[in-house]
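So this block is data-v3.csv, CSV, C-alpha atoms and all ligand atoms:
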```csv
chain,number,residue,atom,x,y,z
A,38,MET,CA,14.1,16.0,4.7
A,39,THR,CA,10.6,17.4,5.6
A,40,ALA,CA,9.4,17.7,9.1
A,41,ALA,CA,6.9,14.9,8.6
A,42,ARG,CA,9.6,12.6,7.3
A,43,ALA,CA,11.9,13.5,10.1
A,44,SER,CA,9.4,12.7,12.8
A,45,HIS,CA,8.5,9.5,11.1
A,46,TYR,CA,12.1,8.5,11.0
A,47,ASP,CA,12.6,9.5,14.7
A,48,ARG,CA,9.7,7.2,15.6
A,49,VAL,CA,11.3,4.3,13.8
A,50,GLU,CA,14.6,4.9,15.5
A,51,GLU,CA,13.0,5.2,18.8
A,52,GLU,CA,11.0,2.1,18.4
A,53,PHE,CA,13.9,0.1,17.3
A,54,SER,CA,16.1,1.2,20.2
A,55,LEU,CA,13.5,0.1,22.8
A,56,PRO,CA,14.7,-2.9,24.9
A,57,THR,CA,12.9,-6.1,24.0
A,58,ASP,CA,12.2,-9.2,26.0
A,59,ASN,CA,13.7,-11.6,23.5
A,60,ALA,CA,17.1,-9.9,23.3
A,61,ASP,CA,19.7,-9.1,25.9
A,62,GLU,CA,20.7,-5.6,24.8
A,63,LYS,CA,24.3,-6.0,25.9
A,64,ASN,CA,24.8,-9.3,24.0
A,65,TYR,CA,22.7,-8.2,21.0
A,66,ASP,CA,24.5,-9.1,17.8
A,67,PRO,CA,22.8,-7.4,14.8
A,68,SER,CA,24.8,-9.5,12.3
A,69,ARG,CA,22.5,-12.4,12.9
A,70,ASP,CA,19.4,-10.3,12.3
A,71,LEU,CA,21.1,-8.8,9.3
A,72,ASP,CA,21.6,-12.3,7.8
A,73,VAL,CA,17.9,-13.0,8.4
A,74,LEU,CA,16.9,-9.7,6.7
A,75,ARG,CA,19.0,-10.6,3.7
A,76,GLU,CA,17.3,-14.0,3.5
A,77,LEU,CA,13.9,-12.3,3.9
A,78,ARG,CA,14.8,-10.0,1.0
A,79,ASN,CA,15.7,-13.0,-1.2
A,80,ILE,CA,12.5,-14.7,-0.3
A,81,ASP,CA,10.5,-11.6,-1.2
A,82,LYS,CA,12.3,-11.3,-4.5
A,83,SER,CA,11.5,-14.9,-5.3
A,84,LEU,CA,7.9,-14.4,-4.4
A,85,VAL,CA,7.7,-11.4,-6.7
A,86,ALA,CA,9.2,-13.3,-9.6
A,87,LEU,CA,7.0,-16.3,-9.0
A,88,LYS,CA,3.9,-14.1,-8.9
A,89,ALA,CA,4.9,-12.3,-12.1
A,90,ALA,CA,5.5,-15.6,-13.9
A,91,PHE,CA,2.1,-16.9,-12.6
A,92,GLU,CA,0.3,-13.8,-13.8
A,93,LYS,CA,1.9,-14.0,-17.2
A,94,LEU,CA,1.1,-17.7,-17.8
A,95,ARG,CA,-2.4,-17.2,-16.4
A,96,SER,CA,-3.2,-14.3,-18.7
A,97,ALA,CA,-1.8,-16.3,-21.7
A,98,GLY,CA,-4.2,-19.1,-20.7
A,99,ASP,CA,-1.3,-21.5,-20.4
A,100,LEU,CA,-2.0,-23.0,-17.0
A,101,THR,CA,-3.7,-26.3,-16.2
A,102,ASP,CA,-5.2,-27.0,-12.8
A,103,ASP,CA,-2.2,-29.1,-12.0
A,104,ASP,CA,0.2,-26.2,-12.9
A,105,ILE,CA,-1.8,-23.9,-10.6
A,106,GLU,CA,-1.6,-26.3,-7.8
A,107,VAL,CA,2.2,-26.7,-8.1
A,108,ILE,CA,2.6,-22.9,-8.2
A,109,ILE,CA,0.4,-22.4,-5.1
A,110,GLU,CA,2.4,-25.1,-3.3
A,111,GLU,CA,5.7,-23.4,-4.2
A,112,PHE,CA,4.2,-20.0,-3.1
A,113,GLU,CA,3.2,-21.5,0.2
A,114,ARG,CA,6.6,-23.0,0.7
A,115,PHE,CA,8.2,-19.6,0.3
A,116,VAL,CA,5.7,-18.0,2.7
A,117,THR,CA,6.4,-20.7,5.3
A,118,GLY,CA,10.1,-20.1,4.9
A,119,LYS,CA,9.5,-16.4,5.5
A,120,VAL,CA,7.5,-17.0,8.7
A,121,SER,CA,10.3,-19.2,10.1
A,122,GLN,CA,12.9,-16.5,9.2
A,123,LEU,CA,10.8,-13.9,10.9
A,124,ASP,CA,10.6,-16.0,14.1
A,125,LYS,CA,14.4,-15.6,14.4
A,126,VAL,CA,14.6,-11.8,14.5
A,127,ARG,CA,14.0,-9.4,17.3
A,128,ASN,CA,10.4,-8.6,18.0
A,129,ASP,CA,10.7,-4.9,17.3
A,130,LEU,CA,12.5,-5.6,14.0
A,131,ARG,CA,9.8,-8.1,13.0
A,132,THR,CA,7.1,-5.5,13.8
A,133,LEU,CA,8.9,-2.9,11.7
A,134,TYR,CA,9.3,-5.3,8.8
A,135,GLU,CA,5.7,-6.3,8.9
A,136,ARG,CA,4.6,-2.7,9.0
A,137,TYR,CA,6.8,-1.8,6.0
A,138,PHE,CA,5.6,-5.0,4.2
A,139,GLU,CA,2.1,-3.7,4.6
A,140,LYS,CA,3.1,-0.4,3.2
A,141,TYR,CA,5.7,-1.3,0.6
A,142,HIS,CA,4.8,-4.9,-0.1
A,143,TYR,CA,7.7,-6.9,-1.3
A,144,ARG,CA,10.1,-3.9,-1.0
A,145,ALA,CA,10.3,-3.5,2.8
A,146,ILE,CA,14.0,-4.3,2.7
A,147,VAL,CA,16.0,-2.6,0.0
A,148,PRO,CA,19.6,-2.4,-1.0
A,149,VAL,CA,21.6,0.8,-1.2
A,150,LYS,CA,23.1,1.3,-4.7
A,151,GLY,CA,25.2,4.2,-5.8
A,152,GLY,CA,24.6,5.8,-2.3
A,153,VAL,CA,20.9,5.8,-3.0
A,154,CYS,CA,18.0,4.0,-1.2
A,155,GLN,CA,16.5,1.7,-3.8
A,156,GLY,CA,13.1,2.2,-2.3
A,157,CYS,CA,12.6,5.9,-2.5
A,158,PHE,CA,15.7,6.9,-4.4
A,159,VAL,CA,16.9,9.5,-1.9
A,160,THR,CA,20.6,9.8,-1.3
A,161,ILE,CA,21.9,8.4,2.0
A,162,PRO,CA,24.1,10.7,4.0
A,163,PRO,CA,27.8,9.7,3.7
A,164,MET,CA,28.1,8.9,7.4
A,165,ARG,CA,25.2,6.5,7.4
A,166,LEU,CA,26.3,5.0,4.1
A,167,ASP,CA,29.7,4.2,5.7
A,168,ILE,CA,27.9,2.5,8.7
A,169,ILE,CA,25.8,0.4,6.4
A,170,ARG,CA,28.8,-0.6,4.3
A,171,ARG,CA,31.3,-1.2,7.1
A,172,THR,CA,29.3,-2.5,10.0
A,173,ASP,CA,26.5,-5.0,10.8
A,174,SER,CA,24.3,-2.3,12.3
A,175,ILE,CA,20.7,-2.3,11.2
A,176,GLU,CA,19.9,1.0,9.5
A,177,PHE,CA,16.8,2.6,8.1
A,178,CYS,CA,16.3,5.1,5.3
A,179,GLU,CA,15.8,8.5,6.8
A,180,SER,CA,13.3,9.3,4.0
A,181,CYS,CA,11.0,6.3,3.6
A,182,GLY,CA,12.0,4.3,6.7
A,183,ARG,CA,12.7,1.1,4.8
A,184,ILE,CA,15.4,-1.3,6.1
A,185,LEU,CA,18.6,-0.8,4.2
A,186,ILE,CA,21.1,-3.5,3.3
A,187,TRP,CA,24.4,-3.2,1.6
A,188,GLU,CA,24.9,-5.0,-1.7
A,189,ASP,CA,28.3,-5.0,-3.4
A,190,GLU,CA,28.2,-2.9,-6.5
A,201,ZN,ZN,14.3,5.3,1.2
```
Serialized structure, structure tokens:
Amino acid sequence: MTAARASHYDRVEEEFSLPTDNADEKNYDPSRDLDVLRELRNIDKSLVALKAAFEKLRSAGDLTDDDIEVIIEEFERFVTGKVSQLDKVRNDLRTLYERYFEKYHYRAIVPVKGGVCQGCFVTIPPMRLDIIRRTDSIEFCESCGRILIWEDE
């Protein structure tokens, strides 16, 4: 890990461990936020698929005005769902997600596969990998900072 990457990672860790007004640290249960993060990832995946389908149909000239209206409505439905999910998570986690969304677009939350971050393809150290797999702790990639989630392989 380069010095720049390490300091970036430290900043993320530091920020995330700051006490927040909307969460009692002692009673904080990360599993709830983790569920929300999984849901956010599903919504982002759907948005990407919807966008790709839309682009494909549009470039083929296969869309009527009515089709476009339906797709936009669907898109907005997903985005509204996302906002209501984001309202449920800790403020600092929301800020991080939004920052990574700006940077990585629909790949702010990525799974770990084969011990590798699916955002930047850097190997996750075994100890952290074990934490991600066995606990509900919210973990970040030490290389790119993305939020990591475990997906059964
Ligand atoms: Zn990464």
Excluding Thr172 of chain A and its own-chain neighbours fewer than 5 positions away, which residues fall within 12 Å of it when counting all atoms listed in the file? Please give them as a PyMOL selection string.
chain A and resi 66-68+71+164-167+186-187
Protein and nucleic residues near ligand ZN 201 (chain A), 12 Å, only C-alpha atoms and all ligand atoms, as a PyMOL selection string:
chain A and resi 38+42+46+137+141+144-150+152-162+176-186
Could you name the residues that touch Val126 of chain A at 9 Å or less, counting all atoms listed in the file, but leaving out those on the same chain fewer than 6 positions away, as a PyMOL selection string?
chain A and resi 69-71+73-74
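Proximity ranking of A:Gln122, A:Phe115, A:Ser174, A:Asp189 relative to Gly151 of chain A places A:Asp189 first, based on only C-alpha atoms.
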Work out how far apart atom CA of Val116 of chain A and atom CA of Glu92 of chain A are and give it in Å to one decimal.
17.9 Å
Do you have the atom CA of Asn128 of chain A-atom CA of Asp173 of chain A distance handy?
18.0 Å
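Between atom CA of Leu77 of chain A and atom CA of Arg171 of chain A the interatomic distance comes to 20.9 Å.
Closest to Arg127 of chain A among A:Ile175, A:Glu188, A:Ala89, A:Glu51 is A:Ile175, based on all atoms listed in the file.
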One residue among A:Lys93, A:Arg48, A:Ser83, A:Arg131 is nearest to Arg114 of chain A when using all atoms listed in the file, and that residue is A:Ser83
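For the choices A:Ile168, A:Leu87, A:Leu94, A:Leu123, the atom-to-atom distance to Glu135 of chain A is smallest for A:Leu123 when using all atoms listed in the file.
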